[in-house]
Structure formats: C-alpha cells, structure tokens
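my_file07.cif follows; it contains mmCIF, N, CA and C atoms.
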```
data_model
#
loop_
_atom_site.label_atom_id
_atom_site.label_comp_id
_atom_site.auth_asym_id
_atom_site.auth_seq_id
_atom_site.Cartn_x
_atom_site.Cartn_y
_atom_site.Cartn_z
N MET B 6 0.82 -1.19 0.00
CA MET B 6 0.00 0.00 0.00
C MET B 6 0.87 1.26 0.00
N LYS B 7 1.97 1.23 0.75
CA LYS B 7 2.87 2.39 0.79
C LYS B 7 3.44 2.67 -0.59
N LYS B 8 3.75 1.60 -1.33
CA LYS B 8 4.29 1.78 -2.68
C LYS B 8 3.28 2.43 -3.60
N PHE B 9 2.02 2.07 -3.42
CA PHE B 9 0.95 2.67 -4.23
C PHE B 9 0.87 4.17 -4.01
N PHE B 10 0.85 4.59 -2.74
CA PHE B 10 0.76 6.02 -2.44
C PHE B 10 2.02 6.77 -2.85
N LEU B 11 3.17 6.13 -2.76
CA LEU B 11 4.41 6.74 -3.21
C LEU B 11 4.37 6.95 -4.72
N ALA B 12 3.92 5.95 -5.45
CA ALA B 12 3.81 6.06 -6.91
C ALA B 12 2.80 7.14 -7.29
N LEU B 13 1.68 7.18 -6.59
CA LEU B 13 0.65 8.18 -6.85
C LEU B 13 1.17 9.59 -6.59
N SER B 14 1.90 9.78 -5.50
CA SER B 14 2.43 11.10 -5.20
C SER B 14 3.49 11.52 -6.22
N LEU B 15 4.28 10.58 -6.72
CA LEU B 15 5.26 10.90 -7.75
C LEU B 15 4.59 11.32 -9.06
N ILE B 16 3.49 10.68 -9.38
CA ILE B 16 2.76 11.04 -10.59
C ILE B 16 2.26 12.47 -10.48
N PHE B 17 1.68 12.84 -9.35
CA PHE B 17 1.15 14.20 -9.17
C PHE B 17 2.26 15.24 -9.16
N CYS B 18 3.45 14.87 -8.75
CA CYS B 18 4.58 15.81 -8.74
C CYS B 18 4.97 16.23 -10.14
N PHE B 19 4.77 15.35 -11.11
CA PHE B 19 5.21 15.64 -12.46
C PHE B 19 4.10 16.13 -13.38
N LEU B 20 2.90 16.24 -12.90
CA LEU B 20 1.83 16.80 -13.70
C LEU B 20 2.03 18.30 -13.82
N PRO B 21 1.64 18.90 -14.96
CA PRO B 21 1.81 20.35 -15.09
C PRO B 21 0.94 21.09 -14.09
N LEU B 22 1.48 22.18 -13.58
CA LEU B 22 0.73 22.99 -12.63
C LEU B 22 -0.36 23.77 -13.34
N SER B 23 -1.45 23.97 -12.68
CA SER B 23 -2.51 24.77 -13.27
C SER B 23 -2.12 26.24 -13.22
N ALA B 24 -2.86 27.05 -13.90
CA ALA B 24 -2.57 28.49 -13.93
C ALA B 24 -2.67 29.07 -12.53
N ARG B 25 -1.76 29.96 -12.25
CA ARG B 25 -1.76 30.58 -10.93
C ARG B 25 -2.66 31.80 -10.96
N ALA B 26 -3.43 31.96 -9.92
CA ALA B 26 -4.32 33.11 -9.81
C ALA B 26 -3.51 34.34 -9.40
N ALA B 27 -3.94 35.48 -9.86
CA ALA B 27 -3.23 36.72 -9.61
C ALA B 27 -3.45 37.22 -8.18
N THR B 28 -2.37 37.70 -7.60
CA THR B 28 -2.42 38.38 -6.31
C THR B 28 -2.17 39.86 -6.57
N ILE B 29 -3.02 40.71 -6.03
CA ILE B 29 -2.94 42.15 -6.29
C ILE B 29 -2.58 42.88 -5.02
N ARG B 30 -1.61 43.77 -5.13
CA ARG B 30 -1.19 44.59 -3.99
C ARG B 30 -1.42 46.05 -4.34
N ASN B 31 -2.14 46.76 -3.49
CA ASN B 31 -2.41 48.18 -3.69
C ASN B 31 -1.33 48.99 -2.97
N LEU B 32 -0.54 49.73 -3.73
CA LEU B 32 0.54 50.53 -3.16
C LEU B 32 0.11 51.96 -2.85
N ASP B 33 -1.14 52.28 -3.14
CA ASP B 33 -1.66 53.64 -2.92
C ASP B 33 -2.29 53.77 -1.53
N ASN B 34 -2.43 55.00 -1.10
CA ASN B 34 -3.05 55.29 0.20
C ASN B 34 -4.55 55.51 0.08
N LYS B 35 -5.17 54.94 -0.93
CA LYS B 35 -6.63 55.00 -1.08
C LYS B 35 -7.13 53.66 -1.58
N SER B 36 -8.35 53.35 -1.25
CA SER B 36 -8.94 52.08 -1.69
C SER B 36 -9.53 52.25 -3.09
N TYR B 37 -9.66 51.14 -3.79
CA TYR B 37 -10.21 51.13 -5.15
C TYR B 37 -11.24 50.02 -5.28
N SER B 38 -12.22 50.26 -6.15
CA SER B 38 -13.16 49.21 -6.52
C SER B 38 -12.63 48.53 -7.77
N LEU B 39 -12.63 47.20 -7.75
CA LEU B 39 -12.17 46.42 -8.89
C LEU B 39 -13.35 45.68 -9.49
N LEU B 40 -13.46 45.72 -10.81
CA LEU B 40 -14.47 44.95 -11.53
C LEU B 40 -13.75 43.78 -12.19
N VAL B 41 -14.15 42.56 -11.84
CA VAL B 41 -13.49 41.35 -12.33
C VAL B 41 -14.45 40.61 -13.25
N LYS B 42 -13.98 40.32 -14.47
CA LYS B 42 -14.77 39.57 -15.45
C LYS B 42 -14.03 38.28 -15.75
N GLN B 43 -14.67 37.15 -15.44
CA GLN B 43 -14.07 35.85 -15.66
C GLN B 43 -15.10 34.93 -16.27
N GLU B 44 -14.80 34.45 -17.47
CA GLU B 44 -15.71 33.60 -18.24
C GLU B 44 -17.08 34.26 -18.32
N ASP B 45 -18.10 33.66 -17.74
CA ASP B 45 -19.45 34.21 -17.85
C ASP B 45 -19.91 34.93 -16.59
N LYS B 46 -19.00 35.21 -15.66
CA LYS B 46 -19.40 35.89 -14.44
C LYS B 46 -18.61 37.18 -14.26
N THR B 47 -19.26 38.13 -13.62
CA THR B 47 -18.65 39.43 -13.32
C THR B 47 -18.94 39.74 -11.87
N PHE B 48 -17.92 40.21 -11.16
CA PHE B 48 -18.13 40.60 -9.77
C PHE B 48 -17.25 41.79 -9.43
N GLN B 49 -17.61 42.45 -8.36
CA GLN B 49 -16.88 43.64 -7.92
C GLN B 49 -16.31 43.39 -6.53
N VAL B 50 -15.10 43.89 -6.30
CA VAL B 50 -14.44 43.73 -5.01
C VAL B 50 -13.70 45.03 -4.72
N VAL B 51 -13.54 45.33 -3.44
CA VAL B 51 -12.81 46.53 -3.03
C VAL B 51 -11.47 46.11 -2.45
N ILE B 52 -10.42 46.79 -2.89
CA ILE B 52 -9.10 46.57 -2.32
C ILE B 52 -8.77 47.79 -1.46
N ASP B 53 -8.45 47.54 -0.21
CA ASP B 53 -8.17 48.61 0.75
C ASP B 53 -6.87 49.33 0.41
N SER B 54 -6.69 50.53 0.97
CA SER B 54 -5.43 51.24 0.79
C SER B 54 -4.31 50.39 1.38
N ASN B 55 -3.23 50.28 0.62
CA ASN B 55 -2.08 49.46 1.00
C ASN B 55 -2.47 48.01 1.30
N GLY B 56 -3.55 47.54 0.71
CA GLY B 56 -4.05 46.19 0.95
C GLY B 56 -3.62 45.21 -0.12
N THR B 57 -3.93 43.95 0.11
CA THR B 57 -3.59 42.87 -0.81
C THR B 57 -4.77 41.93 -0.95
N ILE B 58 -5.01 41.48 -2.17
CA ILE B 58 -6.00 40.42 -2.43
C ILE B 58 -5.23 39.25 -3.02
N VAL B 59 -5.27 38.12 -2.34
CA VAL B 59 -4.52 36.94 -2.75
C VAL B 59 -5.41 36.04 -3.62
N ASP B 60 -4.83 35.55 -4.72
CA ASP B 60 -5.50 34.59 -5.61
C ASP B 60 -6.88 35.08 -6.06
N LEU B 61 -6.92 36.28 -6.63
CA LEU B 61 -8.20 36.84 -7.07
C LEU B 61 -8.76 36.09 -8.26
N CYS B 62 -7.98 35.93 -9.32
CA CYS B 62 -8.47 35.24 -10.50
C CYS B 62 -7.32 34.96 -11.46
N SER B 63 -7.57 34.09 -12.42
CA SER B 63 -6.65 33.89 -13.53
C SER B 63 -7.50 33.80 -14.80
N PHE B 64 -6.91 34.13 -15.92
CA PHE B 64 -7.63 34.18 -17.18
C PHE B 64 -8.90 35.03 -17.03
N CYS B 65 -8.69 36.28 -16.64
CA CYS B 65 -9.80 37.19 -16.39
C CYS B 65 -9.39 38.61 -16.81
N THR B 66 -10.32 39.52 -16.71
CA THR B 66 -10.06 40.93 -16.94
C THR B 66 -10.35 41.66 -15.65
N ILE B 67 -9.40 42.49 -15.22
CA ILE B 67 -9.57 43.27 -13.99
C ILE B 67 -9.53 44.73 -14.35
N GLU B 68 -10.53 45.46 -13.88
CA GLU B 68 -10.59 46.90 -14.09
C GLU B 68 -10.55 47.61 -12.74
N VAL B 69 -9.61 48.53 -12.59
CA VAL B 69 -9.65 49.45 -11.46
C VAL B 69 -10.62 50.52 -11.93
N ILE B 70 -11.84 50.50 -11.41
CA ILE B 70 -12.93 51.31 -11.95
C ILE B 70 -12.54 52.78 -12.01
N GLY B 71 -12.60 53.31 -13.23
CA GLY B 71 -12.29 54.71 -13.47
C GLY B 71 -10.81 54.99 -13.70
N PHE B 72 -9.96 53.96 -13.64
CA PHE B 72 -8.53 54.20 -13.77
C PHE B 72 -7.86 53.35 -14.85
N SER B 73 -7.90 52.03 -14.74
CA SER B 73 -7.16 51.19 -15.68
C SER B 73 -7.81 49.82 -15.83
N LEU B 74 -7.35 49.08 -16.84
CA LEU B 74 -7.91 47.78 -17.19
C LEU B 74 -6.75 46.87 -17.60
N LEU B 75 -6.80 45.59 -17.20
CA LEU B 75 -5.73 44.66 -17.54
C LEU B 75 -6.30 43.26 -17.73
N ASP B 76 -5.90 42.60 -18.82
CA ASP B 76 -6.25 41.20 -19.04
C ASP B 76 -5.21 40.34 -18.35
N VAL B 77 -5.67 39.41 -17.52
CA VAL B 77 -4.79 38.57 -16.73
C VAL B 77 -4.88 37.15 -17.24
N GLU B 78 -3.75 36.56 -17.55
CA GLU B 78 -3.72 35.15 -17.93
C GLU B 78 -3.09 34.35 -16.80
N ASP B 79 -1.80 34.21 -16.84
CA ASP B 79 -1.09 33.44 -15.83
C ASP B 79 -0.04 34.34 -15.17
N ILE B 80 -0.50 35.46 -14.65
CA ILE B 80 0.38 36.44 -14.03
C ILE B 80 0.20 36.35 -12.52
N PRO B 81 1.24 35.97 -11.80
CA PRO B 81 1.06 35.73 -10.37
C PRO B 81 0.96 36.99 -9.50
N ARG B 82 1.62 38.10 -9.90
CA ARG B 82 1.64 39.27 -9.02
C ARG B 82 1.37 40.55 -9.80
N LEU B 83 0.39 41.31 -9.30
CA LEU B 83 0.04 42.60 -9.88
C LEU B 83 0.10 43.66 -8.80
N VAL B 84 0.31 44.91 -9.21
CA VAL B 84 0.31 46.02 -8.26
C VAL B 84 -0.55 47.15 -8.81
N ILE B 85 -1.09 47.93 -7.89
CA ILE B 85 -1.79 49.16 -8.25
C ILE B 85 -0.94 50.30 -7.71
N ARG B 86 -0.53 51.19 -8.61
CA ARG B 86 0.24 52.37 -8.23
C ARG B 86 -0.36 53.56 -8.97
N ASP B 87 -0.78 54.58 -8.25
CA ASP B 87 -1.43 55.76 -8.82
C ASP B 87 -2.66 55.38 -9.65
N GLY B 88 -3.38 54.36 -9.20
CA GLY B 88 -4.59 53.93 -9.86
C GLY B 88 -4.38 53.03 -11.07
N VAL B 89 -3.12 52.78 -11.42
CA VAL B 89 -2.82 51.97 -12.61
C VAL B 89 -2.46 50.55 -12.17
N LEU B 90 -3.16 49.59 -12.74
CA LEU B 90 -2.92 48.18 -12.47
C LEU B 90 -1.87 47.68 -13.46
N LYS B 91 -0.77 47.09 -12.95
CA LYS B 91 0.28 46.58 -13.83
C LYS B 91 0.96 45.39 -13.21
N ILE B 92 1.74 44.70 -14.03
CA ILE B 92 2.49 43.53 -13.57
C ILE B 92 3.62 43.99 -12.66
N GLN B 93 3.76 43.31 -11.52
CA GLN B 93 4.82 43.65 -10.58
C GLN B 93 6.17 43.24 -11.16
N GLU B 94 7.11 44.17 -11.12
CA GLU B 94 8.45 43.89 -11.66
C GLU B 94 9.34 43.32 -10.60
#
```
Structure encoded using structure tokens:
Amino acid sequence: MKKFFLALSLIFCFLPLSARAATIRNLDNKSYSLLVKQEDKTFQVVIDSNGTIVDLCSFCTIEVIGFSLLDVEDIPRLVIRDGVLKIQE
C-alpha cells in the first residue's frame, strides 16, 4: 500500500501545474473598486489602501474602476500604483 501512495504522489509531482491566480497589492493610500470579469461571471471587489488580495483570478479581466484595465492570464503578481494596475516587476 505504501508503494501505491508513493507512486501516486510521484505522478502528481510531475503533472503540469494549473494556472496561478493573480495576487494584487495596492501601493496607494486609497482604496479602489475592482471589476473582475471571468468567463461568464462578473463581480466587484474593493481593495483597501495598502491592501492585498490573494489569488483573485486567472484568465480574467480586472478593471480598477475609473482608472485602468488589464487582461490577466497566468500572471502571479500585480500592483496598483497611482490607480494603474500593472504587472509587478
């Protein structure tokens, strides 16, 4: 039985990882409303000043309402600076 679970765990180790969901960090001293569009659903979330939202979405569109818009595929880290959403360098 131990050999079975060892073999199973080795198989899962070599499977490709799924897309990572984006984590967004707000570097501004004000909160923003984000509009998230993913497949057939749309929802709104607020990110606090200097706040972080972990694993918000992948393969989606995120809009900082009234400021900027970004299509997210497999980007793990995003930042908001001066209302502009961009990939963290």
Write out as a tab-separated table a residue-level contact list of stretch 65-88 of chain B versus stretch 26-48 of chain B with cut-off 7 Å: for each qualifying residue the closest pair of atoms and the distance in Å to one decimal, counting all atoms listed in the file, rows sorted by chain and residue number upward.
```
residue	atom	partner	partner_atom	distance
B:Cys65	CA	B:Lys42	C	4.4
B:Thr66	N	B:Lys42	C	4.0
B:Ile67	CA	B:Leu40	C	4.6
B:Glu68	C	B:Leu40	N	4.0
B:Val69	CA	B:Leu39	CA	4.7
B:Ile70	N	B:Ser38	C	4.2
B:Asp79	CA	B:Ala26	N	6.5
B:Ile80	C	B:Ala27	CA	4.5
B:Pro81	C	B:Thr28	N	3.9
B:Arg82	CA	B:Thr28	N	4.5
B:Leu83	N	B:Thr28	C	4.0
B:Val84	CA	B:Arg30	C	4.3
B:Ile85	N	B:Arg30	C	4.0
B:Arg86	N	B:Leu32	N	5.1
B:Asp87	N	B:Asp33	CA	5.5
B:Gly88	N	B:Asp33	CA	6.6
```
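Taking atom CA of B:Ser63 and atom CA of B:Val89 as the two end points, the separation is 18.5 Å.
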In Å, rounded to a single decimal, give me how far atom C of B:Arg25 is from atom CA of B:Asp60. 6.7 Å
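Atom C of B:Leu74 is found 15.0 Å from atom C of B:Gln49.
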Based on DSSP run over this structure's backbone, return all residues of stretch 14-90 of chain B in strand (DSSP E or B), as a PyMOL selection string. chain B and resi 27-31+37-43+46-52+57-62+65-69+73-77+82-86+89-90
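Closest to B:Leu90 among B:Cys62, B:Val50, B:Ser73, B:Thr57 is B:Ser73, based on all atoms listed in the file.
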